[in-house]
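Participant: Got a file for you: coords10.pdb, PDB, C-alpha atoms and all ligand atoms.
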```pdb
ATOM      1  CA  MET A   1     154.327-126.786-158.385
ATOM      2  CA  GLU A   2     156.606-125.920-161.315
ATOM      3  CA  GLU A   3     153.957-123.626-162.779
ATOM      4  CA  THR A   4     154.997-120.714-160.625
ATOM      5  CA  HIS A   5     158.659-121.154-161.496
ATOM      6  CA  ARG A   6     157.833-120.751-165.171
ATOM      7  CA  ILE A   7     156.247-117.358-164.664
ATOM      8  CA  PRO A   8     158.985-114.831-165.457
ATOM      9  CA  ASN A   9     159.087-111.344-163.950
ATOM     10  CA  ILE A  10     156.081-110.892-161.736
ATOM     11  CA  GLN A  11     154.578-107.421-161.953
ATOM     12  CA  LEU A  12     153.498-106.201-158.550
ATOM     13  CA  ASP A  13     151.499-103.083-157.790
ATOM     14  CA  MET A  14     153.808-101.548-155.195
ATOM     15  CA  ALA A  15     151.021 -99.244-154.001
ATOM     16  CA  ARG A  16     148.842-102.218-153.040
ATOM     17  CA  LEU A  17     151.229-104.516-151.232
ATOM     18  CA  PRO A  18     149.831-106.497-148.302
ATOM     19  CA  ARG A  19     150.811-104.693-145.127
ATOM     20  CA  HIS A  20     151.009-107.926-143.158
ATOM     21  CA  ILE A  21     151.836-111.385-144.533
ATOM     22  CA  ALA A  22     151.533-114.443-142.280
ATOM     23  CA  ILE A  23     153.023-117.795-143.287
ATOM     24  CA  ILE A  24     152.426-121.382-142.158
ATOM     25  CA  MET A  25     155.820-122.872-143.052
ATOM     26  CA  ASP A  26     154.972-126.495-143.782
ATOM     27  CA  GLY A  27     156.650-129.365-145.602
ATOM     28  CA  ASN A  28     160.120-129.446-144.020
ATOM     29  CA  GLY A  29     159.713-133.101-143.016
ATOM     30  CA  ARG A  30     158.405-134.201-146.417
ATOM     31  CA  TRP A  31     161.159-132.246-148.186
ATOM     32  CA  ALA A  32     163.753-134.175-146.153
ATOM     33  CA  GLN A  33     162.037-137.561-146.477
ATOM     34  CA  ALA A  34     161.826-137.166-150.261
ATOM     35  CA  ARG A  35     165.636-136.927-150.229
ATOM     36  CA  GLY A  36     166.169-139.798-147.805
ATOM     37  CA  LEU A  37     167.306-137.346-145.111
ATOM     38  CA  GLU A  38     166.367-136.942-141.455
ATOM     39  CA  ARG A  39     163.475-134.551-140.779
ATOM     40  CA  ALA A  40     165.932-132.257-138.987
ATOM     41  CA  ALA A  41     167.694-131.630-142.314
ATOM     42  CA  GLY A  42     164.414-130.177-143.595
ATOM     43  CA  HIS A  43     164.250-127.792-140.658
ATOM     44  CA  VAL A  44     167.863-126.688-141.257
ATOM     45  CA  GLU A  45     166.983-125.946-144.890
ATOM     46  CA  GLY A  46     163.801-124.253-143.645
ATOM     47  CA  VAL A  47     165.908-121.751-141.729
ATOM     48  CA  ALA A  48     167.626-120.773-144.999
ATOM     49  CA  THR A  49     164.152-120.111-146.428
ATOM     50  CA  VAL A  50     163.272-117.963-143.405
ATOM     51  CA  ARG A  51     166.292-115.814-144.197
ATOM     52  CA  ARG A  52     165.463-115.630-147.926
ATOM     53  CA  ILE A  53     161.814-114.718-147.371
ATOM     54  CA  THR A  54     162.640-112.176-144.655
ATOM     55  CA  GLU A  55     165.073-110.491-147.068
ATOM     56  CA  GLU A  56     162.522-110.451-149.881
ATOM     57  CA  ALA A  57     159.713-109.116-147.677
ATOM     58  CA  SER A  58     162.050-106.441-146.352
ATOM     59  CA  ARG A  59     163.184-105.491-149.866
ATOM     60  CA  LEU A  60     159.575-105.223-151.068
ATOM     61  CA  GLY A  61     158.636-102.975-148.147
ATOM     62  CA  ILE A  62     156.192-105.313-146.390
ATOM     63  CA  GLY A  63     155.347-103.998-142.909
ATOM     64  CA  TYR A  64     154.891-107.232-140.955
ATOM     65  CA  LEU A  65     155.891-110.834-141.661
ATOM     66  CA  THR A  66     154.584-113.404-139.167
ATOM     67  CA  LEU A  67     156.055-116.913-139.369
ATOM     68  CA  TYR A  68     154.584-119.957-137.610
ATOM     69  CA  ALA A  69     157.850-121.466-136.366
ATOM     70  CA  PHE A  70     156.599-123.741-133.576
ATOM     71  CA  SER A  71     153.019-124.493-132.529
ATOM     72  CA  THR A  72     151.699-125.441-129.100
ATOM     73  CA  GLU A  73     150.950-128.850-130.631
ATOM     74  CA  ASN A  74     154.584-129.210-131.798
ATOM     75  CA  TRP A  75     155.578-129.762-128.132
ATOM     76  CA  ASN A  76     154.114-133.274-128.633
ATOM     77  CA  ARG A  77     156.621-134.206-131.364
ATOM     78  CA  PRO A  78     159.464-136.620-130.444
ATOM     79  CA  GLN A  79     161.670-134.907-127.817
ATOM     80  CA  ALA A  80     164.730-135.058-130.098
ATOM     81  CA  GLU A  81     162.888-133.091-132.815
ATOM     82  CA  VAL A  82     161.590-130.558-130.266
ATOM     83  CA  ASP A  83     165.121-130.064-128.909
ATOM     84  CA  ALA A  84     166.558-129.776-132.417
ATOM     85  CA  LEU A  85     163.972-127.152-133.424
ATOM     86  CA  MET A  86     164.473-125.062-130.289
ATOM     87  CA  HIS A  87     168.244-125.199-130.749
ATOM     88  CA  LEU A  88     167.921-124.304-134.422
ATOM     89  CA  ILE A  89     165.686-121.321-133.723
ATOM     90  CA  ALA A  90     167.961-120.035-130.944
ATOM     91  CA  THR A  91     171.187-120.353-132.948
ATOM     92  CA  ALA A  92     169.662-118.922-136.131
ATOM     93  CA  ILE A  93     168.323-115.902-134.265
ATOM     94  CA  GLU A  94     171.666-115.263-132.605
ATOM     95  CA  ARG A  95     173.550-115.636-135.886
ATOM     96  CA  GLU A  96     171.153-113.410-137.851
ATOM     97  CA  THR A  97     170.788-110.576-135.313
ATOM     98  CA  PRO A  98     173.557-108.373-136.839
ATOM     99  CA  ASP A  99     171.999-108.714-140.310
ATOM    100  CA  LEU A 100     168.531-107.967-138.944
ATOM    101  CA  ILE A 101     169.894-104.774-137.391
ATOM    102  CA  LYS A 102     171.723-103.872-140.624
ATOM    103  CA  ASN A 103     168.504-104.332-142.605
ATOM    104  CA  ASN A 104     166.436-102.281-140.141
ATOM    105  CA  VAL A 105     164.292-105.321-139.244
ATOM    106  CA  SER A 106     162.826-105.579-135.745
ATOM    107  CA  LEU A 107     161.984-108.941-134.206
ATOM    108  CA  ARG A 108     158.914-109.716-132.108
ATOM    109  CA  VAL A 109     157.880-113.069-130.644
ATOM    110  CA  ILE A 110     154.340-114.269-129.928
ATOM    111  CA  GLY A 111     153.565-117.438-127.978
ATOM    112  CA  ASP A 112     153.584-119.041-124.564
ATOM    113  CA  ALA A 113     157.057-118.102-123.318
ATOM    114  CA  SER A 114     156.562-120.090-120.106
ATOM    115  CA  ARG A 115     157.032-123.354-122.022
ATOM    116  CA  MET A 116     160.230-122.372-123.839
ATOM    117  CA  PRO A 117     163.656-123.554-122.704
ATOM    118  CA  ALA A 118     165.308-120.747-120.697
ATOM    119  CA  ASP A 119     168.284-120.326-123.036
ATOM    120  CA  THR A 120     166.102-120.172-126.183
ATOM    121  CA  LEU A 121     163.892-117.578-124.514
ATOM    122  CA  ALA A 122     166.910-115.556-123.358
ATOM    123  CA  ARG A 123     168.373-115.454-126.872
ATOM    124  CA  LEU A 124     165.039-114.473-128.399
ATOM    125  CA  GLU A 125     164.556-111.714-125.828
ATOM    126  CA  ARG A 126     168.063-110.413-126.501
ATOM    127  CA  CYS A 127     167.365-110.247-130.243
ATOM    128  CA  VAL A 128     164.019-108.486-129.645
ATOM    129  CA  ARG A 129     165.848-105.928-127.491
ATOM    130  CA  ASP A 130     168.784-105.485-129.878
ATOM    131  CA  THR A 131     166.556-104.982-132.936
ATOM    132  CA  SER A 132     163.925-102.814-131.259
ATOM    133  CA  ALA A 133     165.081 -99.616-133.024
ATOM    134  CA  GLY A 134     164.393-101.129-136.478
ATOM    135  CA  THR A 135     161.865 -99.092-138.435
ATOM    136  CA  GLY A 136     161.563-101.356-141.491
ATOM    137  CA  LEU A 137     160.033-104.816-141.565
ATOM    138  CA  THR A 138     158.717-106.256-138.291
ATOM    139  CA  LEU A 139     159.502-109.977-138.277
ATOM    140  CA  VAL A 140     157.163-111.795-135.915
ATOM    141  CA  LEU A 141     157.997-115.352-134.880
ATOM    142  CA  ALA A 142     155.113-117.414-133.521
ATOM    143  CA  ILE A 143     156.827-119.872-131.183
ATOM    144  CA  SER A 144     154.966-122.112-128.722
ATOM    145  CA  TYR A 145     151.958-120.389-130.247
ATOM    146  CA  SER A 146     148.409-121.463-130.936
ATOM    147  CA  SER A 147     145.328-119.369-131.426
ATOM    148  CA  ARG A 148     143.350-121.235-128.788
ATOM    149  CA  TRP A 149     146.123-120.652-126.236
ATOM    150  CA  GLU A 150     146.160-116.946-127.169
ATOM    151  CA  ILE A 151     142.369-116.494-127.025
ATOM    152  CA  THR A 152     142.105-118.448-123.756
ATOM    153  CA  ASP A 153     144.850-116.290-122.267
ATOM    154  CA  ALA A 154     143.050-113.126-123.406
ATOM    155  CA  ALA A 155     139.749-114.391-121.966
ATOM    156  CA  ARG A 156     141.420-115.012-118.591
ATOM    157  CA  ARG A 157     142.835-111.496-118.462
ATOM    158  CA  ILE A 158     139.583-109.851-119.521
ATOM    159  CA  ALA A 159     137.636-111.945-116.956
ATOM    160  CA  ALA A 160     140.079-110.892-114.221
ATOM    161  CA  GLU A 161     139.561-107.223-115.164
ATOM    162  CA  ALA A 162     135.799-107.726-115.028
ATOM    163  CA  ALA A 163     135.991-109.571-111.699
ATOM    164  CA  ALA A 164     138.046-106.689-110.289
ATOM    165  CA  GLY A 165     135.351-104.272-111.431
ATOM    166  CA  ARG A 166     137.675-102.460-113.835
ATOM    167  CA  ILE A 167     135.599-103.289-116.921
ATOM    168  CA  ASP A 168     131.902-103.838-117.462
ATOM    169  CA  PRO A 169     131.182-107.197-119.186
ATOM    170  CA  ALA A 170     128.485-105.486-121.256
ATOM    171  CA  GLY A 171     131.161-103.109-122.580
ATOM    172  CA  ILE A 172     133.406-105.856-123.989
ATOM    173  CA  THR A 173     133.747-105.443-127.761
ATOM    174  CA  ASP A 174     135.858-107.107-130.439
ATOM    175  CA  GLU A 175     138.346-104.270-129.827
ATOM    176  CA  THR A 176     138.699-105.444-126.196
ATOM    177  CA  ILE A 177     139.545-108.947-127.414
ATOM    178  CA  ALA A 178     141.999-107.717-130.077
ATOM    179  CA  ARG A 179     143.783-105.513-127.519
ATOM    180  CA  ASN A 180     144.341-108.518-125.276
ATOM    181  CA  LEU A 181     145.793-110.809-127.950
ATOM    182  CA  ALA A 182     149.545-111.327-128.378
ATOM    183  CA  THR A 183     149.214-109.600-131.770
ATOM    184  CA  ALA A 184     147.797-106.328-130.360
ATOM    185  CA  PHE A 185     150.798-104.371-131.698
ATOM    186  CA  MET A 186     150.125-105.087-135.378
ATOM    187  CA  PRO A 187     147.358-105.046-137.983
ATOM    188  CA  ASP A 188     145.606-108.289-138.965
ATOM    189  CA  PRO A 189     147.232-110.250-141.815
ATOM    190  CA  ASP A 190     146.101-109.256-145.301
ATOM    191  CA  LEU A 191     147.520-112.439-146.783
ATOM    192  CA  LEU A 192     147.981-115.881-145.200
ATOM    193  CA  ILE A 193     150.283-118.227-147.105
ATOM    194  CA  ARG A 194     150.596-121.942-146.399
ATOM    195  CA  THR A 195     153.310-124.050-148.048
ATOM    196  CA  GLY A 196     153.217-127.857-148.287
ATOM    197  CA  GLY A 197     149.750-128.068-149.851
ATOM    198  CA  ASP A 198     147.470-128.765-146.888
ATOM    199  CA  MET A 199     144.195-126.823-146.868
ATOM    200  CA  ARG A 200     143.977-126.014-143.181
ATOM    201  CA  VAL A 201     144.816-123.225-140.764
ATOM    202  CA  SER A 202     146.230-125.333-137.915
ATOM    203  CA  ASN A 203     145.291-123.139-134.945
ATOM    204  CA  PHE A 204     147.158-120.116-136.379
ATOM    205  CA  LEU A 205     145.857-116.542-135.918
ATOM    206  CA  LEU A 206     142.219-117.705-136.032
ATOM    207  CA  TRP A 207     140.829-114.405-134.752
ATOM    208  CA  GLN A 208     143.140-112.274-136.890
ATOM    209  CA  ILE A 209     142.537-114.008-140.266
ATOM    210  CA  ALA A 210     138.792-113.250-140.270
ATOM    211  CA  TYR A 211     139.194-111.287-143.522
ATOM    212  CA  SER A 212     142.630-112.415-144.709
ATOM    213  CA  GLU A 213     143.138-113.728-148.226
ATOM    214  CA  LEU A 214     144.334-117.345-148.172
ATOM    215  CA  TYR A 215     146.982-118.737-150.506
ATOM    216  CA  VAL A 216     148.087-122.385-150.409
ATOM    217  CA  THR A 217     150.965-123.686-152.505
ATOM    218  CA  ASP A 218     152.192-127.277-152.884
ATOM    219  CA  ILE A 219     155.800-126.079-152.693
ATOM    220  CA  TYR A 220     157.547-127.351-149.559
ATOM    221  CA  TRP A 221     158.923-124.614-147.288
ATOM    222  CA  PRO A 222     162.631-125.402-147.976
ATOM    223  CA  ASP A 223     161.961-124.861-151.719
ATOM    224  CA  PHE A 224     159.917-121.674-151.322
ATOM    225  CA  ASP A 225     161.785-118.606-152.575
ATOM    226  CA  GLY A 226     161.441-114.887-153.215
ATOM    227  CA  HIS A 227     159.869-115.524-156.608
ATOM    228  CA  ASP A 228     157.218-117.734-155.018
ATOM    229  CA  LEU A 229     156.490-114.984-152.494
ATOM    230  CA  ARG A 230     155.957-112.498-155.327
ATOM    231  CA  VAL A 231     153.664-114.989-157.108
ATOM    232  CA  ALA A 232     151.564-115.223-153.920
ATOM    233  CA  ILE A 233     151.414-111.422-153.635
ATOM    234  CA  ALA A 234     150.422-111.101-157.317
ATOM    235  CA  ASP A 235     147.615-113.608-156.698
ATOM    236  CA  TYR A 236     146.495-111.547-153.685
ATOM    237  CA  GLN A 237     146.473-108.412-155.811
ATOM    238  CA  ARG A 238     144.087-110.005-158.309
ATOM    239  CA  ARG A 239     141.476-110.538-155.600
ATOM    240  CA  GLN A 240     138.727-108.147-154.596
ATOM    241  CA  ARG A 241     138.528-107.840-150.819
ATOM    242  CA  ARG A 242     134.922-107.241-149.820
ATOM    243  CA  PHE A 243     134.928-107.530-145.994
ATOM    244  CA  GLY A 244     131.330-108.793-146.103
ATOM    245  CA  LEU A 245     130.124-106.042-148.478
ATOM    246  CA  THR A 246     128.901-106.496-152.049
ATOM    247  CA  GLY A 247     131.227-106.105-155.006
ATOM    248  CA  GLU A 248     129.380-102.918-155.978
ATOM    249  CA  GLN A 249     129.796-101.399-152.543
ATOM    250  CA  VAL A 250     133.567-101.782-152.447
ATOM    251  CA  LYS A 251     134.114-100.299-155.939
TER     252      LYS A 251
HETATM  253  C1  LIG B 301     156.601-127.721-140.498
HETATM  254  O1  LIG B 301     157.187-128.738-141.246
HETATM  255  C2  LIG B 301     157.627-126.864-139.940
HETATM  256  C3  LIG B 301     157.887-126.745-138.620
HETATM  257  C4  LIG B 301     157.154-127.472-137.588
HETATM  258  C5  LIG B 301     158.972-125.895-138.132
HETATM  259  C6  LIG B 301     159.300-124.717-138.960
HETATM  260  C7  LIG B 301     160.506-124.119-138.397
HETATM  261  C8  LIG B 301     161.539-123.627-139.107
HETATM  262  C9  LIG B 301     161.583-123.570-140.569
HETATM  263  C10 LIG B 301     162.674-123.049-138.361
HETATM  264  C11 LIG B 301     162.330-121.662-137.996
HETATM  265  C12 LIG B 301     163.540-120.918-137.688
HETATM  266  C13 LIG B 301     163.545-119.623-137.401
HETATM  267  C14 LIG B 301     164.828-118.943-137.194
HETATM  268  C15 LIG B 301     162.284-118.860-137.296
HETATM  269  P1  LIG B 301     156.841-130.244-140.886
HETATM  270  O2  LIG B 301     157.973-130.790-140.117
HETATM  271  O3  LIG B 301     155.501-130.313-140.231
HETATM  272  O4  LIG B 301     156.775-130.834-142.319
HETATM  273  P2  LIG B 301     155.877-132.051-142.816
HETATM  274  O5  LIG B 301     154.445-131.557-142.806
HETATM  275  O6  LIG B 301     156.383-132.295-144.192
HETATM  276  O7  LIG B 301     156.129-133.198-141.880
END
```
Would it be possible to restate this file's structure as structure tokens?
Ligand code: FPP

Facilitator:
Amino acid sequence: MEETHRIPNIQLDMARLPRHIAIIMDGNGRWAQARGLERAAGHVEGVATVRRITEEASRLGIGYLTLYAFSTENWNRPQAEVDALMHLIATAIERETPDLIKNNVSLRVIGDASRMPADTLARLERCVRDTSAGTGLTLVLAISYSSRWEITDAARRIAAEAAAGRIDPAGITDETIARNLATAFMPDPDLLIRTGGDMRVSNFLLWQIAYSELYVTDIYWPDFDGHDLRVAIADYQRRQRRFGLTGEQVK
């Protein structure tokens, strides 16, 4: 874990930055427990990391940053934690909106809005509206999101189109699926980062990460900082992306 903090100035190739970085922000609970604090304290600290990483991604010139803030499965956590997280997200978004606008960041939200508390949804929608002119970083919050929800939802819509005779089932391609996903407005992630050390993808962007580079760090989300983000990007830049081709072919 300390390894990365010992690496001084990270040299990045600014011409080969990932266009889209997606992050599974994990380890808030363990960060808090290790300090004898309530789990909620880890989430509060996690919000500070969201701000830090958004600033760094924006400064670097990353196009899209997608953060897994609340999964479909998270609805099954104790009600007090669910309420605390929803409240935290809503208040943080409201508080940060002026700075997002100032930094030319636009906010988008992906997930099942029908399950969100009305006031959280209203504040998110207001921020999306107020930041819509931003031409810099697009910050995408995945809230009440899971890949299986998203793919099921897309399948329903495509089936309805087919049943209505508007599309031919034989003409359905991977493009048709991609167009019907919540992420249709952005490119697939180039780099998927997971903090907290677990080697799993937890129902996050399963379709979209088909060719993403994966990077897992043991660092807990509240401790993750701009330097750690640059370390992850440097690691990504050392990889050869082959998209199913041979090494010779992609040279
Ligand atoms: C995982 O840690 C983290 C979450 C379930 C929530 C992440 C949410 C935030 C950091 C707040 C987001 C706020 C904004 C404004 C987007 P965990 O609780 O599963 O940690 P553990 O694995 O150590 O228990």

Participant: Using only C-alpha atoms, which residues of region 9-57 of chain A come within 9 Å of region 197-201 of chain A, and what is the closest atom pair for each, with the distance in Å to one decimal? Give it as JSON lines, sorted by chain and residue number.

Facilitator:
```
{"residue": "A:Ile24", "atom": "CA", "partner": "A:Val201", "partner_atom": "CA", "distance": 8.0}
{"residue": "A:Asp26", "atom": "CA", "partner": "A:Gly197", "partner_atom": "CA", "distance": 8.2}
{"residue": "A:Gly27", "atom": "CA", "partner": "A:Gly197", "partner_atom": "CA", "distance": 8.2}
```

Participant: Tell me, as a list of chain:residue names, which residues lie within 12 Å of Lys251 (chain A), counting only C-alpha atoms; anything in the same chain fewer than 2 positions away does not count.

Facilitator: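 These residues fall inside the cut-off: A:Gln240, A:Arg241, A:Arg242, A:Leu245, A:Thr246, A:Gly247, A:Glu248, A:Gln249.
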
Participant: For the file shown, what are the residues hit by the PyMOL selection byres (((chain A and resi 140-146) around 6) and not hetatm), laid out as a ChimeraX atom specification?

Facilitator: /A:65-72,107-112,139,147-149,203-204

Participant: Select from chain A every residue with an atom at most 6 Å from any atom of ligand LIG 301 (chain B), then for each give the shortest pair of atoms and their distance in Å to one decimal, using all atoms listed in the file, rows by chain and rising number, as a Markdown table.

Facilitator:
```
| residue | atom | partner | partner_atom | distance |
| --- | --- | --- | --- | --- |
| A:Met25 | CA | B:LIG301 | C2 | 5.4 |
| A:Asp26 | CA | B:LIG301 | C1 | 3.9 |
| A:Gly27 | CA | B:LIG301 | O6 | 3.3 |
| A:Asn28 | CA | B:LIG301 | O4 | 4.0 |
| A:Gly29 | CA | B:LIG301 | O6 | 3.6 |
| A:Arg30 | CA | B:LIG301 | O6 | 3.6 |
| A:His43 | CA | B:LIG301 | C9 | 5.0 |
| A:Gly46 | CA | B:LIG301 | C9 | 3.9 |
| A:Val47 | CA | B:LIG301 | C12 | 4.8 |
| A:Ala69 | CA | B:LIG301 | C7 | 4.3 |
| A:Phe70 | CA | B:LIG301 | C4 | 5.5 |
| A:Ile89 | CA | B:LIG301 | C14 | 4.3 |
| A:Ala92 | CA | B:LIG301 | C14 | 4.9 |
| A:Ile93 | CA | B:LIG301 | C14 | 5.5 |
```

Participant: Restricted to C-alpha atoms, what would the selected residues look like written as a short mmCIF file (atom, residue, chain, number, x, y, z; two decimals), in the coordinates of the input?

Facilitator:
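What ended up in part.cif:
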```
data_model
loop_
_atom_site.label_atom_id
_atom_site.label_comp_id
_atom_site.auth_asym_id
_atom_site.auth_seq_id
_atom_site.Cartn_x
_atom_site.Cartn_y
_atom_site.Cartn_z
CA MET A 25 155.82 -122.87 -143.05
CA ASP A 26 154.97 -126.50 -143.78
CA GLY A 27 156.65 -129.36 -145.60
CA ASN A 28 160.12 -129.45 -144.02
CA GLY A 29 159.71 -133.10 -143.02
CA ARG A 30 158.40 -134.20 -146.42
CA HIS A 43 164.25 -127.79 -140.66
CA GLY A 46 163.80 -124.25 -143.65
CA VAL A 47 165.91 -121.75 -141.73
CA ALA A 69 157.85 -121.47 -136.37
CA PHE A 70 156.60 -123.74 -133.58
CA ILE A 89 165.69 -121.32 -133.72
CA ALA A 92 169.66 -118.92 -136.13
CA ILE A 93 168.32 -115.90 -134.26
#
```

Participant: I need the residue nearest Asp174 (chain A) from this list: A:Ile23, A:Ala90, A:Ile62, A:Ile151. Use all atoms listed in the file for the distance.

Facilitator: A:Ile151

Participant: A:Ala22, A:Leu17, A:Arg77, A:Arg123: which is nearest Arg194 (chain A), counting all atoms listed in the file?

Facilitator: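 Closest residue, counting all atoms listed in the file: A:Ala22.
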
Participant: Separation of CA of Arg126 (chain A) and CA of Leu100 (chain A), in Å?

Facilitator: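 A separation of 12.7 Å between them.
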
Participant: Using all atoms listed in the file for the distances, tell me which of A:Arg16, A:Ala122, A:Ala163, A:Thr195 is nearest to Arg239 (chain A).

Facilitator: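 Result for the nearest residue to Arg239 (chain A): A:Arg16.
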